$ cat query14.pdb   # PDB, C-alpha atoms and all ligand atoms
ATOM      1  CA  MET A 223      -4.792   3.102  59.694
ATOM      2  CA  ALA A 224      -7.014   0.016  59.417
ATOM      3  CA  CYS A 225      -5.692  -0.668  55.928
ATOM      4  CA  LYS A 226      -2.083  -0.189  57.008
ATOM      5  CA  VAL A 227      -2.471  -2.541  59.975
ATOM      6  CA  ALA A 228      -4.467  -5.169  58.051
ATOM      7  CA  TYR A 229      -1.914  -5.365  55.248
ATOM      8  CA  ASP A 230       1.161  -4.680  57.385
ATOM      9  CA  LEU A 231       2.139  -1.820  55.081
ATOM     10  CA  PRO A 232       5.431  -0.002  55.514
ATOM     11  CA  VAL A 233       5.240   3.483  57.061
ATOM     12  CA  GLU A 234       5.679   5.244  53.723
ATOM     13  CA  GLU A 235       2.940   3.293  51.889
ATOM     14  CA  HIS A 236      -0.674   4.487  51.910
ATOM     15  CA  ARG A 237      -3.544   2.991  49.937
ATOM     16  CA  VAL A 238      -5.829   5.742  51.180
ATOM     17  CA  TYR A 239      -5.016   9.069  52.781
ATOM     18  CA  VAL A 240      -7.097  12.039  53.860
ATOM     19  CA  GLU A 241      -6.576  15.408  52.221
ATOM     20  CA  THR A 242      -7.608  18.637  53.943
ATOM     21  CA  ILE A 243      -9.434  21.129  51.756
ATOM     22  CA  GLY A 244      -9.303  24.522  53.366
ATOM     23  CA  GLY A 245      -6.314  26.544  54.459
ATOM     24  CA  GLY A 246      -3.579  24.762  52.526
ATOM     25  CA  GLY A 247      -2.278  22.429  55.237
ATOM     26  CA  VAL A 248      -3.310  19.398  57.258
ATOM     27  CA  ASP A 249      -6.337  20.304  59.391
ATOM     28  CA  LEU A 250      -5.956  24.041  58.665
ATOM     29  CA  PRO A 251      -9.238  25.841  57.926
ATOM     30  CA  GLY A 252      -9.608  28.359  55.117
ATOM     31  CA  GLY A 253     -11.338  31.742  55.348
ATOM     32  CA  LYS A 254     -11.298  34.333  58.107
ATOM     33  CA  TRP A 255     -12.861  34.088  61.537
ATOM     34  CA  PRO A 256     -15.782  33.645  62.009
ATOM     35  CA  ASN A 257     -16.315  32.430  58.426
ATOM     36  CA  LEU A 258     -13.956  29.453  58.459
ATOM     37  CA  HIS A 259     -14.382  26.402  56.270
ATOM     38  CA  MET A 260     -12.674  23.031  55.996
ATOM     39  CA  LYS A 261     -13.436  19.668  54.398
ATOM     40  CA  TRP A 262     -11.685  16.316  54.367
ATOM     41  CA  LYS A 263     -11.409  14.158  51.267
ATOM     42  CA  PRO A 264     -10.282  10.518  51.416
ATOM     43  CA  VAL A 265      -8.060   9.851  48.423
ATOM     44  CA  PHE A 266      -7.794   6.223  47.364
ATOM     45  CA  THR A 267      -4.537   5.614  45.544
ATOM     46  CA  ASP A 268      -4.027   3.253  42.637
ATOM     47  CA  LYS A 269      -2.457   0.852  45.176
ATOM     48  CA  CYS A 270      -5.873   0.349  46.774
ATOM     49  CA  LEU A 271      -7.022  -3.224  46.138
ATOM     50  CA  ASN A 272     -10.724  -2.411  46.400
ATOM     51  CA  CYS A 273     -10.735  -5.311  48.831
ATOM     52  CA  ARG A 274     -14.434  -5.975  49.106
ATOM     53  CA  GLY A 275     -15.177  -8.843  51.405
ATOM     54  CA  ALA A 276     -11.759  -8.939  53.030
ATOM     55  CA  ALA A 277     -12.909  -7.706  56.435
ATOM     56  CA  SER A 278     -14.877  -9.724  58.953
ATOM     57  CA  THR A 279     -18.203  -8.384  57.638
ATOM     58  CA  ASP A 280     -19.102  -9.333  54.060
ATOM     59  CA  TYR A 281     -18.420  -6.759  51.372
ATOM     60  CA  VAL A 282     -16.887  -4.163  53.665
ATOM     61  CA  PRO A 283     -13.152  -3.439  53.339
ATOM     62  CA  TYR A 284     -11.058  -2.648  56.378
ATOM     63  CA  CYS A 285     -11.066   1.112  55.763
ATOM     64  CA  ALA A 286     -14.868   1.364  55.646
ATOM     65  CA  TYR A 287     -15.495  -1.260  58.343
ATOM     66  CA  ASN A 288     -13.315   0.617  60.825
ATOM     67  CA  CYS A 289     -14.442   4.150  59.969
ATOM     68  CA  THR A 290     -16.026   5.325  63.209
ATOM     69  CA  THR A 291     -17.959   8.135  61.523
ATOM     70  CA  GLU A 292     -19.289   5.854  58.747
ATOM     71  CA  ALA A 293     -17.926   8.294  56.191
ATOM     72  CA  LEU A 294     -17.253   5.505  53.683
ATOM     73  CA  THR A 295     -19.873   3.372  51.977
ATOM     74  CA  VAL A 296     -18.955   0.545  49.625
ATOM     75  CA  GLY A 297     -21.005  -1.220  46.997
ATOM     76  CA  ASP A 298     -22.264  -1.499  43.452
ATOM     77  CA  VAL A 299     -23.556   1.860  42.178
ATOM     78  CA  ASN A 300     -25.410   0.029  39.405
ATOM     79  CA  ASP A 301     -27.506  -1.904  41.909
ATOM     80  CA  PRO A 302     -30.310   0.354  43.190
ATOM     81  CA  GLU A 303     -30.669  -1.865  46.269
ATOM     82  CA  SER A 304     -27.010  -1.657  47.291
ATOM     83  CA  ALA A 305     -25.945   0.266  50.391
ATOM     84  CA  ILE A 306     -24.056   2.815  48.330
ATOM     85  CA  SER A 307     -26.996   3.501  45.995
ATOM     86  CA  LYS A 308     -29.278   4.032  48.959
ATOM     87  CA  GLU A 309     -26.718   6.295  50.640
ATOM     88  CA  MET A 310     -26.336   8.334  47.442
ATOM     89  CA  ASP A 311     -30.120   8.753  47.238
ATOM     90  CA  ARG A 312     -30.240   9.810  50.891
ATOM     91  CA  LEU A 313     -27.470  12.385  50.430
ATOM     92  CA  ARG A 314     -28.971  13.777  47.207
ATOM     93  CA  GLY A 315     -32.211  14.235  49.153
ATOM     94  CA  MET A 316     -30.238  16.348  51.652
ATOM     95  CA  GLY A 317     -28.859  18.570  48.874
ATOM     96  CA  TYR A 318     -25.473  16.958  48.359
ATOM     97  CA  ALA A 319     -23.933  16.729  44.898
ATOM     98  CA  ILE A 320     -22.419  13.329  44.063
ATOM     99  CA  SER A 321     -19.446  13.225  41.734
ATOM    100  CA  GLU A 322     -16.754  10.819  40.621
ATOM    101  CA  LEU A 323     -13.299  12.286  40.179
ATOM    102  CA  PRO A 324     -11.327  11.042  37.193
ATOM    103  CA  ALA A 325      -8.491   8.639  37.969
ATOM    104  CA  TRP A 326      -5.445  10.864  37.842
ATOM    105  CA  GLN A 327      -2.278  11.547  39.806
ATOM    106  CA  GLY A 328      -2.203   8.047  41.231
ATOM    107  CA  MET A 329      -5.858   7.979  42.279
ATOM    108  CA  ARG A 330      -8.100   4.967  41.858
ATOM    109  CA  ALA A 331     -11.239   5.186  39.717
ATOM    110  CA  GLY A 332     -14.683   4.277  40.975
ATOM    111  CA  VAL A 333     -14.684   6.518  44.051
ATOM    112  CA  TYR A 334     -17.626   8.879  44.444
ATOM    113  CA  TYR A 335     -17.734  11.943  46.679
ATOM    114  CA  ALA A 336     -20.700  13.699  48.255
ATOM    115  CA  GLU A 337     -20.225  17.420  48.636
ATOM    116  CA  LYS A 338     -22.430  20.216  49.854
ATOM    117  CA  GLU A 339     -21.550  23.866  49.567
ATOM    118  CA  LEU A 340     -21.532  25.536  52.975
TER     119      LEU A 340
HETATM  120  S1  LIG B   1     -10.347  -0.866  50.011
HETATM  121 FE1  LIG B   1      -8.847  -2.212  51.024
HETATM  122  S2  LIG B   1      -6.865  -1.721  50.091
HETATM  123 FE2  LIG B   1      -8.262  -0.046  49.604
HETATM  124  S3  LIG B   1      -7.908   1.490  51.228
HETATM  125 FE3  LIG B   1      -9.643   0.195  51.883
HETATM  126  S4  LIG B   1      -8.728  -1.418  53.158
HETATM  127 FE4  LIG B   1      -7.067  -0.472  51.939
END
$ encode --input "query14.pdb" --output "structure tokens"
Amino acid sequence: MACKVAYDLPVEEHRVYVETIGGGGVDLPGGKWPNLHMKWKPVFTDKCLNCRGAASTDYVPYCAYNCTTEALTVGDVNDPESAISKEMDRLRGMGYAISELPAWQGMRAGVYYAEKEL
């Protein structure tokens, strides 16, 4: 929503959207009660500008700056002192696997995901 408002995007245009991984629909869990599971994956499209520095805080794009759960971290993965490198180290220490999905089906490259099997 922050991206759409900041760039005054038309209703049908999304530079990032959130995909539900679970029961095959938006916010539908998979599995059977009581063993339900569900994850959310932000998918950055190839329309995403990777707009570092565009928000009011340096080097934080609107989507990450306005994420209330701090689910998005932005930075240079090649700089060990960057926020994203430190966050990746922290998550690896908690048992998360970090992976980069290949740019396909309209997705933007350079997006890393942290995932932990439940
Ligand atoms: S990086 Fe910029 S263009 Fe891309 S989704 Fe975030 S706010 Fe939108």
$ residues_around --input "query14.pdb" --residues "A:Met260" --least-positions-apart "3" --cutoff "8 Å" --atoms "all atoms listed in the file" --output "PyMOL selection string"
chain A and resi 242-245+249-252
$ residues_near_ligand --input "query14.pdb" --ligand "ligand LIG 1 (chain B)" --cutoff "12 Å" --atoms "only C-alpha atoms and all ligand atoms" --output "PDB file with C-alpha atoms, keeping the file's coordinate frame"
ATOM      1  CA  MET A 223      -4.792   3.102  59.694  1.00  0.00           C
ATOM      2  CA  ALA A 224      -7.014   0.016  59.417  1.00  0.00           C
ATOM      3  CA  CYS A 225      -5.692  -0.668  55.928  1.00  0.00           C
ATOM      4  CA  LYS A 226      -2.083  -0.189  57.008  1.00  0.00           C
ATOM      5  CA  VAL A 227      -2.471  -2.541  59.975  1.00  0.00           C
ATOM      6  CA  ALA A 228      -4.467  -5.169  58.051  1.00  0.00           C
ATOM      7  CA  TYR A 229      -1.914  -5.365  55.248  1.00  0.00           C
ATOM      8  CA  ASP A 230       1.161  -4.680  57.385  1.00  0.00           C
ATOM      9  CA  LEU A 231       2.139  -1.820  55.081  1.00  0.00           C
ATOM     10  CA  GLU A 235       2.940   3.293  51.889  1.00  0.00           C
ATOM     11  CA  HIS A 236      -0.674   4.487  51.910  1.00  0.00           C
ATOM     12  CA  ARG A 237      -3.544   2.991  49.937  1.00  0.00           C
ATOM     13  CA  VAL A 238      -5.829   5.742  51.180  1.00  0.00           C
ATOM     14  CA  TYR A 239      -5.016   9.069  52.781  1.00  0.00           C
ATOM     15  CA  VAL A 240      -7.097  12.039  53.860  1.00  0.00           C
ATOM     16  CA  PRO A 264     -10.282  10.518  51.416  1.00  0.00           C
ATOM     17  CA  VAL A 265      -8.060   9.851  48.423  1.00  0.00           C
ATOM     18  CA  PHE A 266      -7.794   6.223  47.364  1.00  0.00           C
ATOM     19  CA  THR A 267      -4.537   5.614  45.544  1.00  0.00           C
ATOM     20  CA  ASP A 268      -4.027   3.253  42.637  1.00  0.00           C
ATOM     21  CA  LYS A 269      -2.457   0.852  45.176  1.00  0.00           C
ATOM     22  CA  CYS A 270      -5.873   0.349  46.774  1.00  0.00           C
ATOM     23  CA  LEU A 271      -7.022  -3.224  46.138  1.00  0.00           C
ATOM     24  CA  ASN A 272     -10.724  -2.411  46.400  1.00  0.00           C
ATOM     25  CA  CYS A 273     -10.735  -5.311  48.831  1.00  0.00           C
ATOM     26  CA  ARG A 274     -14.434  -5.975  49.106  1.00  0.00           C
ATOM     27  CA  GLY A 275     -15.177  -8.843  51.405  1.00  0.00           C
ATOM     28  CA  ALA A 276     -11.759  -8.939  53.030  1.00  0.00           C
ATOM     29  CA  ALA A 277     -12.909  -7.706  56.435  1.00  0.00           C
ATOM     30  CA  SER A 278     -14.877  -9.724  58.953  1.00  0.00           C
ATOM     31  CA  TYR A 281     -18.420  -6.759  51.372  1.00  0.00           C
ATOM     32  CA  VAL A 282     -16.887  -4.163  53.665  1.00  0.00           C
ATOM     33  CA  PRO A 283     -13.152  -3.439  53.339  1.00  0.00           C
ATOM     34  CA  TYR A 284     -11.058  -2.648  56.378  1.00  0.00           C
ATOM     35  CA  CYS A 285     -11.066   1.112  55.763  1.00  0.00           C
ATOM     36  CA  ALA A 286     -14.868   1.364  55.646  1.00  0.00           C
ATOM     37  CA  TYR A 287     -15.495  -1.260  58.343  1.00  0.00           C
ATOM     38  CA  ASN A 288     -13.315   0.617  60.825  1.00  0.00           C
ATOM     39  CA  CYS A 289     -14.442   4.150  59.969  1.00  0.00           C
ATOM     40  CA  LEU A 294     -17.253   5.505  53.683  1.00  0.00           C
ATOM     41  CA  THR A 295     -19.873   3.372  51.977  1.00  0.00           C
ATOM     42  CA  VAL A 296     -18.955   0.545  49.625  1.00  0.00           C
ATOM     43  CA  GLY A 297     -21.005  -1.220  46.997  1.00  0.00           C
ATOM     44  CA  MET A 329      -5.858   7.979  42.279  1.00  0.00           C
ATOM     45  CA  ARG A 330      -8.100   4.967  41.858  1.00  0.00           C
ATOM     46  CA  ALA A 331     -11.239   5.186  39.717  1.00  0.00           C
ATOM     47  CA  GLY A 332     -14.683   4.277  40.975  1.00  0.00           C
ATOM     48  CA  VAL A 333     -14.684   6.518  44.051  1.00  0.00           C
TER      49      VAL A 333
END
$ residues_around --input "query14.pdb" --residues "A:Glu309" --least-positions-apart "3" --cutoff "10 Å" --atoms "all atoms listed in the file" --output "list in words"
Leu294, Thr295, Val296, Ser304, Ala305, Ile306, Arg312, Leu313, Arg314, Gly315 and Ala336 of chain A
$ atom_distance --input "query14.pdb" --atom1 "atom CA of A:Lys254" --atom2 "atom CA of A:Ile320"
27.6 Å
$ atom_distance --input "query14.pdb" --atom1 "atom CA of A:Glu241" --atom2 "atom CA of A:Trp262"
5.6 Å
$ residues_near_point --input "query14.pdb" --point "(-20.8, 13.0, 48.9)" --cutoff "8 Å" --atoms "only C-alpha atoms" --output "list in words"
Met310, Leu313, Tyr318, Ala319, Ile320, Ser321, Tyr334, Tyr335, Ala336, Glu337 and Lys338 of chain A
$ decode --input "query14.pdb" --residues "stretch 303-321 of chain A" --atoms "N, CA and C atoms" --output "compact mmCIF listing (two decimals), in the first residue's frame"
# COMPACT_ATOMS: atom_id res chain seq x y z
N GLU A 303 28.65 -5.02 7.03
CA GLU A 303 28.16 -4.10 8.05
C GLU A 303 26.78 -3.55 7.74
N SER A 304 26.21 -3.92 6.58
CA SER A 304 24.90 -3.39 6.22
C SER A 304 23.80 -4.02 7.08
N ALA A 305 22.67 -3.35 7.15
CA ALA A 305 21.54 -3.84 7.95
C ALA A 305 21.09 -5.20 7.47
N ILE A 306 21.09 -5.40 6.16
CA ILE A 306 20.58 -6.69 5.65
C ILE A 306 21.56 -7.83 5.96
N SER A 307 22.86 -7.55 5.89
CA SER A 307 23.83 -8.61 6.22
C SER A 307 23.71 -8.99 7.69
N LYS A 308 23.54 -8.00 8.53
CA LYS A 308 23.40 -8.30 9.97
C LYS A 308 22.11 -9.05 10.24
N GLU A 309 21.03 -8.68 9.54
CA GLU A 309 19.76 -9.38 9.72
C GLU A 309 19.85 -10.83 9.24
N MET A 310 20.55 -11.03 8.12
CA MET A 310 20.74 -12.40 7.61
C MET A 310 21.52 -13.23 8.62
N ASP A 311 22.56 -12.66 9.19
CA ASP A 311 23.35 -13.38 10.20
C ASP A 311 22.49 -13.74 11.41
N ARG A 312 21.66 -12.77 11.83
CA ARG A 312 20.80 -13.00 12.99
C ARG A 312 19.81 -14.13 12.71
N LEU A 313 19.21 -14.11 11.52
CA LEU A 313 18.22 -15.14 11.18
C LEU A 313 18.87 -16.51 11.01
N ARG A 314 20.05 -16.55 10.39
CA ARG A 314 20.76 -17.84 10.26
C ARG A 314 21.03 -18.42 11.65
N GLY A 315 21.39 -17.55 12.58
CA GLY A 315 21.65 -17.98 13.96
C GLY A 315 20.41 -18.56 14.62
N MET A 316 19.23 -18.19 14.12
CA MET A 316 17.97 -18.70 14.67
C MET A 316 17.47 -19.91 13.87
N GLY A 317 18.29 -20.38 12.91
CA GLY A 317 17.93 -21.59 12.17
C GLY A 317 17.18 -21.36 10.87
N TYR A 318 17.13 -20.11 10.43
CA TYR A 318 16.46 -19.83 9.16
C TYR A 318 17.41 -20.10 7.99
N ALA A 319 16.85 -20.59 6.89
CA ALA A 319 17.61 -20.71 5.65
C ALA A 319 17.36 -19.45 4.82
N ILE A 320 18.41 -18.90 4.24
CA ILE A 320 18.30 -17.70 3.41
C ILE A 320 18.47 -18.13 1.96
N SER A 321 17.57 -17.70 1.10
CA SER A 321 17.70 -18.07 -0.30
C SER A 321 17.24 -16.92 -1.19
